[in-house]
$ cat structure.txt   # compact mmCIF, N, CA and C atoms
# COMPACT_ATOMS: atom_id res chain seq x y z
N MET A 1 0.85 -1.17 0.00
CA MET A 1 0.00 0.00 0.00
C MET A 1 0.89 1.23 0.00
N THR A 2 0.58 2.17 -0.86
CA THR A 2 1.39 3.38 -0.96
C THR A 2 0.89 4.44 0.01
N LEU A 3 1.73 5.43 0.18
CA LEU A 3 1.39 6.54 1.08
C LEU A 3 0.16 7.29 0.58
N SER A 4 0.03 7.44 -0.72
CA SER A 4 -1.12 8.16 -1.27
C SER A 4 -2.41 7.35 -1.05
N GLN A 5 -2.35 6.02 -1.14
CA GLN A 5 -3.53 5.19 -0.90
C GLN A 5 -3.94 5.28 0.58
N ILE A 6 -2.94 5.28 1.46
CA ILE A 6 -3.25 5.38 2.89
C ILE A 6 -3.88 6.73 3.22
N SER A 7 -3.31 7.80 2.67
CA SER A 7 -3.86 9.13 2.97
C SER A 7 -5.24 9.30 2.35
N CYS A 8 -5.50 8.76 1.17
CA CYS A 8 -6.83 8.84 0.56
C CYS A 8 -7.84 8.06 1.39
N GLY A 9 -7.44 6.86 1.84
CA GLY A 9 -8.34 6.08 2.69
C GLY A 9 -8.63 6.78 4.00
N PHE A 10 -7.62 7.43 4.53
CA PHE A 10 -7.79 8.17 5.79
C PHE A 10 -8.74 9.34 5.59
N LEU A 11 -8.55 10.05 4.49
CA LEU A 11 -9.42 11.18 4.20
C LEU A 11 -10.85 10.71 3.95
N ASN A 12 -11.00 9.63 3.21
CA ASN A 12 -12.33 9.11 2.95
C ASN A 12 -13.00 8.65 4.24
N GLY A 13 -12.23 8.07 5.14
CA GLY A 13 -12.78 7.67 6.43
C GLY A 13 -13.24 8.88 7.23
N ASN A 14 -12.43 9.92 7.22
CA ASN A 14 -12.81 11.15 7.92
C ASN A 14 -14.05 11.77 7.29
N ALA A 15 -14.14 11.74 5.98
CA ALA A 15 -15.30 12.29 5.29
C ALA A 15 -16.55 11.51 5.68
N TYR A 16 -16.42 10.19 5.80
CA TYR A 16 -17.55 9.35 6.19
C TYR A 16 -17.99 9.68 7.62
N ILE A 17 -17.03 9.82 8.53
CA ILE A 17 -17.36 10.16 9.92
C ILE A 17 -18.01 11.54 9.98
N TYR A 18 -17.47 12.50 9.24
CA TYR A 18 -18.03 13.85 9.22
C TYR A 18 -19.46 13.84 8.71
N LYS A 19 -19.70 13.03 7.67
CA LYS A 19 -21.04 12.94 7.08
C LYS A 19 -22.03 12.35 8.09
N LYS A 20 -21.62 11.33 8.83
CA LYS A 20 -22.48 10.74 9.85
C LYS A 20 -22.78 11.75 10.96
N GLN A 21 -21.75 12.49 11.39
CA GLN A 21 -21.96 13.49 12.44
C GLN A 21 -22.88 14.60 11.94
N ASN A 22 -22.71 14.98 10.69
CA ASN A 22 -23.54 16.02 10.11
C ASN A 22 -25.00 15.57 10.06
N ASN A 23 -25.24 14.30 9.71
CA ASN A 23 -26.60 13.77 9.69
C ASN A 23 -27.21 13.75 11.09
N LEU A 24 -26.40 13.40 12.09
CA LEU A 24 -26.88 13.41 13.47
C LEU A 24 -27.26 14.83 13.89
N MET A 25 -26.44 15.81 13.54
CA MET A 25 -26.73 17.20 13.89
C MET A 25 -28.03 17.66 13.24
N LYS A 26 -28.27 17.23 12.00
CA LYS A 26 -29.52 17.61 11.32
C LYS A 26 -30.73 17.06 12.06
N LYS A 27 -30.58 15.91 12.70
CA LYS A 27 -31.68 15.32 13.45
C LYS A 27 -31.89 16.02 14.79
N PHE A 28 -30.82 16.49 15.40
CA PHE A 28 -30.93 17.11 16.72
C PHE A 28 -31.31 18.59 16.68
N ILE A 29 -31.08 19.27 15.58
CA ILE A 29 -31.41 20.69 15.49
C ILE A 29 -32.91 20.93 15.66
N PRO A 30 -33.80 20.20 14.99
CA PRO A 30 -35.23 20.42 15.23
C PRO A 30 -35.63 20.15 16.69
N LEU A 31 -35.01 19.14 17.30
CA LEU A 31 -35.30 18.85 18.70
C LEU A 31 -34.86 20.00 19.60
N LEU A 32 -33.71 20.56 19.32
CA LEU A 32 -33.21 21.70 20.09
C LEU A 32 -34.12 22.91 19.93
N ILE A 33 -34.56 23.17 18.73
CA ILE A 33 -35.48 24.29 18.48
C ILE A 33 -36.78 24.08 19.23
N LEU A 34 -37.29 22.87 19.22
CA LEU A 34 -38.53 22.55 19.93
C LEU A 34 -38.37 22.79 21.43
N LEU A 35 -37.27 22.33 22.00
CA LEU A 35 -37.03 22.53 23.44
C LEU A 35 -36.92 24.00 23.80
N LEU A 36 -36.24 24.78 23.00
CA LEU A 36 -36.10 26.21 23.27
C LEU A 36 -37.44 26.93 23.16
N SER A 37 -38.25 26.54 22.18
CA SER A 37 -39.55 27.18 22.03
C SER A 37 -40.49 26.81 23.18
N LEU A 38 -40.41 25.57 23.68
CA LEU A 38 -41.22 25.19 24.83
C LEU A 38 -40.81 25.96 26.07
N ASN A 39 -39.52 26.21 26.22
CA ASN A 39 -39.03 26.97 27.36
C ASN A 39 -39.62 28.38 27.37
N THR A 40 -39.66 29.04 26.22
CA THR A 40 -40.23 30.38 26.17
C THR A 40 -41.76 30.32 26.30
N PHE A 41 -42.38 29.23 25.81
CA PHE A 41 -43.83 29.10 25.91
C PHE A 41 -44.26 28.95 27.37
N TYR A 42 -43.50 28.19 28.15
CA TYR A 42 -43.86 27.95 29.54
C TYR A 42 -43.25 28.96 30.50
N ALA A 43 -42.64 30.02 30.03
CA ALA A 43 -42.11 31.06 30.89
C ALA A 43 -43.28 31.73 31.61
N GLN A 44 -43.02 32.21 32.81
CA GLN A 44 -44.08 32.82 33.62
C GLN A 44 -44.65 34.05 32.93
N GLN A 45 -45.96 34.06 32.75
CA GLN A 45 -46.65 35.20 32.16
C GLN A 45 -47.70 35.70 33.12
N PHE A 46 -47.80 37.02 33.26
CA PHE A 46 -48.81 37.64 34.11
C PHE A 46 -49.76 38.42 33.21
N GLU A 47 -50.82 37.75 32.77
CA GLU A 47 -51.77 38.38 31.86
C GLU A 47 -52.94 39.03 32.58
N SER A 48 -53.20 38.60 33.82
CA SER A 48 -54.34 39.14 34.56
C SER A 48 -54.03 39.13 36.06
N ASP A 49 -54.91 39.74 36.84
CA ASP A 49 -54.75 39.78 38.29
C ASP A 49 -54.70 38.37 38.88
N ILE A 50 -55.55 37.49 38.37
CA ILE A 50 -55.61 36.14 38.91
C ILE A 50 -54.31 35.38 38.65
N ASP A 51 -53.64 35.64 37.52
CA ASP A 51 -52.33 35.02 37.26
C ASP A 51 -51.32 35.44 38.31
N VAL A 52 -51.33 36.70 38.68
CA VAL A 52 -50.39 37.23 39.67
C VAL A 52 -50.70 36.64 41.05
N ILE A 53 -51.97 36.65 41.43
CA ILE A 53 -52.37 36.13 42.75
C ILE A 53 -52.06 34.63 42.85
N THR A 54 -52.34 33.88 41.80
CA THR A 54 -52.06 32.45 41.79
C THR A 54 -50.55 32.21 41.92
N TYR A 55 -49.77 33.00 41.21
CA TYR A 55 -48.31 32.85 41.28
C TYR A 55 -47.80 33.19 42.69
N MET A 56 -48.30 34.23 43.29
CA MET A 56 -47.82 34.69 44.61
C MET A 56 -48.29 33.80 45.75
N ASP A 57 -49.35 33.05 45.55
CA ASP A 57 -49.94 32.25 46.62
C ASP A 57 -48.93 31.28 47.22
N GLY A 58 -48.63 31.45 48.49
CA GLY A 58 -47.74 30.56 49.21
C GLY A 58 -46.26 30.80 48.99
N LYS A 59 -45.90 31.81 48.19
CA LYS A 59 -44.48 32.08 47.93
C LYS A 59 -43.99 33.20 48.85
N LYS A 60 -42.73 33.08 49.25
CA LYS A 60 -42.09 34.10 50.08
C LYS A 60 -40.84 34.57 49.37
N PHE A 61 -40.60 35.87 49.40
CA PHE A 61 -39.43 36.46 48.78
C PHE A 61 -38.58 37.09 49.87
N TYR A 62 -37.27 36.90 49.76
CA TYR A 62 -36.36 37.28 50.83
C TYR A 62 -35.20 38.12 50.31
N ASP A 63 -34.83 39.14 51.07
CA ASP A 63 -33.69 40.00 50.77
C ASP A 63 -32.68 39.83 51.89
N SER A 64 -31.56 39.17 51.62
CA SER A 64 -30.59 38.90 52.68
C SER A 64 -29.86 40.16 53.14
N GLU A 65 -29.75 41.16 52.27
CA GLU A 65 -29.08 42.40 52.64
C GLU A 65 -29.80 43.11 53.78
N ASN A 66 -31.11 43.17 53.71
CA ASN A 66 -31.90 43.85 54.74
C ASN A 66 -32.65 42.88 55.65
N ALA A 67 -32.49 41.59 55.42
CA ALA A 67 -33.17 40.54 56.19
C ALA A 67 -34.68 40.80 56.25
N MET A 68 -35.27 41.06 55.10
CA MET A 68 -36.71 41.30 55.01
C MET A 68 -37.36 40.22 54.15
N GLN A 69 -38.62 39.97 54.46
CA GLN A 69 -39.39 38.97 53.72
C GLN A 69 -40.69 39.60 53.25
N ILE A 70 -41.09 39.31 52.02
CA ILE A 70 -42.33 39.83 51.45
C ILE A 70 -43.14 38.66 50.93
N GLU A 71 -44.44 38.69 51.21
CA GLU A 71 -45.36 37.68 50.68
C GLU A 71 -46.73 38.31 50.48
N TYR A 72 -47.57 37.62 49.74
CA TYR A 72 -48.95 38.04 49.53
C TYR A 72 -49.82 36.94 50.11
N GLY A 73 -50.76 37.30 50.96
CA GLY A 73 -51.61 36.27 51.54
C GLY A 73 -52.73 36.84 52.38
N TYR A 74 -53.40 35.96 53.08
CA TYR A 74 -54.54 36.33 53.92
C TYR A 74 -54.05 36.94 55.23
N ILE A 75 -54.63 38.07 55.60
CA ILE A 75 -54.29 38.76 56.85
C ILE A 75 -55.49 38.59 57.77
N SER A 76 -55.39 37.66 58.70
CA SER A 76 -56.54 37.32 59.54
C SER A 76 -56.94 38.48 60.46
N ASP A 77 -55.99 39.28 60.93
CA ASP A 77 -56.32 40.42 61.80
C ASP A 77 -57.24 41.42 61.10
N LEU A 78 -57.10 41.54 59.79
CA LEU A 78 -57.86 42.52 59.02
C LEU A 78 -58.94 41.86 58.15
N ASN A 79 -59.00 40.52 58.18
CA ASN A 79 -59.97 39.75 57.41
C ASN A 79 -59.95 40.12 55.92
N THR A 80 -58.73 40.19 55.36
CA THR A 80 -58.57 40.51 53.94
C THR A 80 -57.24 39.96 53.45
N TYR A 81 -57.03 40.03 52.16
CA TYR A 81 -55.76 39.65 51.56
C TYR A 81 -54.91 40.89 51.36
N GLY A 82 -53.59 40.71 51.41
CA GLY A 82 -52.71 41.84 51.19
C GLY A 82 -51.26 41.44 51.18
N ILE A 83 -50.42 42.46 51.10
CA ILE A 83 -48.97 42.27 51.11
C ILE A 83 -48.51 42.25 52.56
N ILE A 84 -47.68 41.27 52.90
CA ILE A 84 -47.17 41.12 54.26
C ILE A 84 -45.65 41.27 54.21
N VAL A 85 -45.13 42.25 54.96
CA VAL A 85 -43.69 42.51 55.00
C VAL A 85 -43.21 42.25 56.42
N THR A 86 -42.18 41.42 56.55
CA THR A 86 -41.58 41.13 57.85
C THR A 86 -40.13 41.58 57.81
N ASN A 87 -39.72 42.40 58.81
CA ASN A 87 -38.33 42.86 58.82
C ASN A 87 -37.47 41.99 59.72
N LYS A 88 -36.18 42.34 59.85
CA LYS A 88 -35.23 41.50 60.59
C LYS A 88 -35.53 41.45 62.09
N LEU A 89 -36.32 42.36 62.59
CA LEU A 89 -36.71 42.34 64.00
C LEU A 89 -38.03 41.62 64.21
N ASN A 90 -38.52 40.96 63.15
CA ASN A 90 -39.79 40.24 63.13
C ASN A 90 -41.01 41.14 63.31
N ALA A 91 -40.85 42.42 63.04
CA ALA A 91 -42.00 43.33 63.00
C ALA A 91 -42.73 43.08 61.68
N VAL A 92 -44.04 43.00 61.74
CA VAL A 92 -44.85 42.68 60.56
C VAL A 92 -45.65 43.91 60.16
N PHE A 93 -45.63 44.20 58.86
CA PHE A 93 -46.37 45.34 58.30
C PHE A 93 -47.32 44.81 57.24
N TYR A 94 -48.54 45.31 57.26
CA TYR A 94 -49.56 44.88 56.31
C TYR A 94 -49.89 46.01 55.35
N PHE A 95 -50.18 45.63 54.11
CA PHE A 95 -50.61 46.59 53.09
C PHE A 95 -51.81 45.99 52.38
N ILE A 96 -52.95 46.67 52.49
CA ILE A 96 -54.22 46.13 51.99
C ILE A 96 -54.68 46.92 50.76
N ASN A 97 -55.86 46.55 50.26
CA ASN A 97 -56.41 47.17 49.04
C ASN A 97 -55.38 47.14 47.92
N VAL A 98 -54.83 45.97 47.70
CA VAL A 98 -53.73 45.80 46.75
C VAL A 98 -54.24 45.99 45.32
N THR A 99 -53.51 46.81 44.59
CA THR A 99 -53.77 47.02 43.17
C THR A 99 -52.73 46.25 42.38
N ILE A 100 -53.18 45.57 41.33
CA ILE A 100 -52.28 44.76 40.50
C ILE A 100 -52.39 45.24 39.06
N GLU A 101 -51.22 45.48 38.48
CA GLU A 101 -51.15 45.84 37.06
C GLU A 101 -50.23 44.83 36.37
N SER A 102 -50.77 44.12 35.38
CA SER A 102 -50.02 43.05 34.69
C SER A 102 -49.43 43.58 33.40
N TYR A 103 -48.17 43.16 33.11
CA TYR A 103 -47.48 43.59 31.90
C TYR A 103 -46.96 42.42 31.07
N GLY A 104 -47.46 41.23 31.28
CA GLY A 104 -46.98 40.06 30.53
C GLY A 104 -45.91 39.32 31.29
N ASN A 105 -44.65 39.77 31.19
CA ASN A 105 -43.57 39.08 31.91
C ASN A 105 -43.31 39.67 33.29
N SER A 106 -44.05 40.70 33.66
CA SER A 106 -43.92 41.30 34.99
C SER A 106 -45.26 41.86 35.43
N ALA A 107 -45.33 42.23 36.71
CA ALA A 107 -46.56 42.82 37.25
C ALA A 107 -46.19 43.76 38.39
N ASP A 108 -46.97 44.81 38.56
CA ASP A 108 -46.80 45.72 39.69
C ASP A 108 -47.88 45.41 40.71
N MET A 109 -47.47 45.38 41.98
CA MET A 109 -48.42 45.21 43.09
C MET A 109 -48.14 46.30 44.11
N TYR A 110 -49.18 47.00 44.52
CA TYR A 110 -48.99 47.99 45.57
C TYR A 110 -50.26 48.11 46.39
N GLY A 111 -50.04 48.40 47.67
CA GLY A 111 -51.15 48.49 48.60
C GLY A 111 -50.92 49.60 49.61
N MET A 112 -51.93 49.81 50.47
CA MET A 112 -51.91 50.88 51.45
C MET A 112 -51.82 50.32 52.86
N SER A 113 -51.03 50.97 53.70
CA SER A 113 -50.94 50.58 55.10
C SER A 113 -52.22 50.98 55.81
N PRO A 114 -52.86 50.04 56.54
CA PRO A 114 -54.10 50.40 57.25
C PRO A 114 -53.84 51.30 58.46
N THR A 115 -52.62 51.36 58.94
CA THR A 115 -52.33 52.18 60.12
C THR A 115 -51.84 53.58 59.76
N SER A 116 -50.97 53.70 58.75
CA SER A 116 -50.41 55.02 58.42
C SER A 116 -50.95 55.61 57.13
N GLY A 117 -51.52 54.79 56.28
CA GLY A 117 -52.00 55.27 54.98
C GLY A 117 -50.92 55.34 53.92
N ASN A 118 -49.68 54.97 54.27
CA ASN A 118 -48.59 54.99 53.30
C ASN A 118 -48.75 53.85 52.29
N ASN A 119 -48.26 54.10 51.10
CA ASN A 119 -48.30 53.08 50.05
C ASN A 119 -46.99 52.31 50.00
N PHE A 120 -47.07 51.05 49.60
CA PHE A 120 -45.90 50.20 49.42
C PHE A 120 -46.17 49.32 48.22
N GLY A 121 -45.15 49.16 47.37
CA GLY A 121 -45.34 48.31 46.20
C GLY A 121 -44.03 47.78 45.66
N PHE A 122 -44.16 46.94 44.65
CA PHE A 122 -43.00 46.31 44.04
C PHE A 122 -43.35 45.82 42.64
N ARG A 123 -42.30 45.53 41.86
CA ARG A 123 -42.46 44.93 40.54
C ARG A 123 -42.11 43.45 40.67
N LEU A 124 -43.01 42.60 40.23
CA LEU A 124 -42.87 41.15 40.33
C LEU A 124 -42.42 40.57 39.00
N PHE A 125 -41.39 39.75 39.04
CA PHE A 125 -40.91 38.96 37.91
C PHE A 125 -40.96 37.49 38.33
N ALA A 126 -40.68 36.59 37.42
CA ALA A 126 -40.62 35.17 37.79
C ALA A 126 -39.45 34.97 38.75
N LYS A 127 -39.71 34.45 39.93
CA LYS A 127 -38.75 34.09 40.97
C LYS A 127 -38.07 35.27 41.65
N LYS A 128 -38.50 36.50 41.39
CA LYS A 128 -37.94 37.63 42.13
C LYS A 128 -38.91 38.80 42.07
N LEU A 129 -38.72 39.73 43.00
CA LEU A 129 -39.46 40.98 42.96
C LEU A 129 -38.50 42.10 43.34
N ILE A 130 -38.81 43.31 42.85
CA ILE A 130 -37.93 44.45 43.08
C ILE A 130 -38.74 45.57 43.70
N VAL A 131 -38.32 46.00 44.89
CA VAL A 131 -38.93 47.15 45.56
C VAL A 131 -38.17 48.37 45.08
N GLY A 132 -38.89 49.38 44.62
CA GLY A 132 -38.25 50.58 44.08
C GLY A 132 -37.70 50.36 42.69
N TYR A 133 -38.42 49.59 41.88
CA TYR A 133 -37.97 49.27 40.51
C TYR A 133 -37.73 50.55 39.72
N GLY A 134 -36.55 50.65 39.11
CA GLY A 134 -36.21 51.81 38.30
C GLY A 134 -35.61 52.96 39.10
N GLU A 135 -35.47 52.80 40.40
CA GLU A 135 -34.89 53.85 41.24
C GLU A 135 -33.49 53.45 41.66
N GLU A 136 -32.71 54.42 42.12
CA GLU A 136 -31.34 54.15 42.56
C GLU A 136 -31.29 53.24 43.78
N GLU A 137 -32.21 53.38 44.67
CA GLU A 137 -32.23 52.63 45.93
C GLU A 137 -33.10 51.38 45.86
N SER A 138 -33.17 50.72 44.73
CA SER A 138 -34.02 49.54 44.60
C SER A 138 -33.40 48.34 45.31
N HIS A 139 -34.26 47.43 45.77
CA HIS A 139 -33.83 46.21 46.45
C HIS A 139 -34.49 45.01 45.79
N THR A 140 -33.71 43.98 45.54
CA THR A 140 -34.21 42.78 44.89
C THR A 140 -34.43 41.70 45.93
N PHE A 141 -35.60 41.09 45.89
CA PHE A 141 -35.98 39.99 46.77
C PHE A 141 -36.10 38.75 45.90
N TYR A 142 -35.53 37.65 46.38
CA TYR A 142 -35.56 36.40 45.62
C TYR A 142 -36.47 35.38 46.32
N MET A 143 -37.11 34.55 45.51
CA MET A 143 -38.03 33.55 46.04
C MET A 143 -37.25 32.54 46.89
N GLN A 144 -37.81 32.22 48.05
CA GLN A 144 -37.18 31.24 48.95
C GLN A 144 -37.53 29.84 48.52
$ encode --input "structure.txt" --output "structure tokens"
Amino acid sequence: MTLSQISCGFLNGNAYIYKKQNNLMKKFIPLLILLLSLNTFYAQQFESDIDVITYMDGKKFYDSENAMQIEYGYISDLNTYGIIVTNKLNAVFYFINVTIESYGNSADMYGMSPTSGNNFGFRLFAKKLIVGYGEEESHTFYMQ
């Protein structure tokens, strides 16, 4: 066997392997596209108030920097639903008459304190919320 025959056989073998790999890639590309499209399809969407309330039900968001926790739920003392904020000293603050504005991939929630009348709100995203969204002093809370 000559050197040219060996190199041609080697090249032909590589071409065959490359062709098989190329065929495999052609089969996996549609599968990859399908998986990526399903991921975006099942991404959290907030189309209405009920979507936001259902998403928030039973979830707690925590900010380790300020040791604060935010949740939405039933406030038995006031016999209503609202935003519940607990600080690092375990002081609890309630915000009722919650208004919800949905934007698709995010939602705004804000309510009024029954004791002081002050407003408190945040922007909700999937797995996190931001108090003071768009401001310099904003704080991000992550789902526990």
$ atom_distance --input "structure.txt" --atom1 "atom CA of A:Tyr55" --atom2 "atom CA of A:Ala126"
8.8 Å
$ residues_around --input "structure.txt" --residues "stretch 61-71 of chain A" --least-positions-apart "4" --cutoff "8 Å" --atoms "all atoms listed in the file" --output "VMD selection string"
chain A and resid 56 to 57 82 to 90 127 to 129 139 to 144
$ atom_distance --input "structure.txt" --atom1 "atom CA of A:Phe95" --atom2 "atom C of A:Lys59"
15.5 Å
$ closest_residue --input "structure.txt" --among "A:Gln44, A:Val52, A:Ile75, A:Lys60" --to "A:Ala107" --atoms "only C-alpha atoms"
A:Val52
$ atom_distance --input "structure.txt" --atom1 "atom CA of A:Gln45" --atom2 "atom CA of A:Asn105"
5.0 Å
$ select_by_dssp --input "structure.txt" --residues "stretch 24-140 of chain A" --states "strand (DSSP E)" --output "PyMOL selection string"
chain A and resi 60-63+68-75+80-86+92-102+107-112+119-125+128-131+139-140
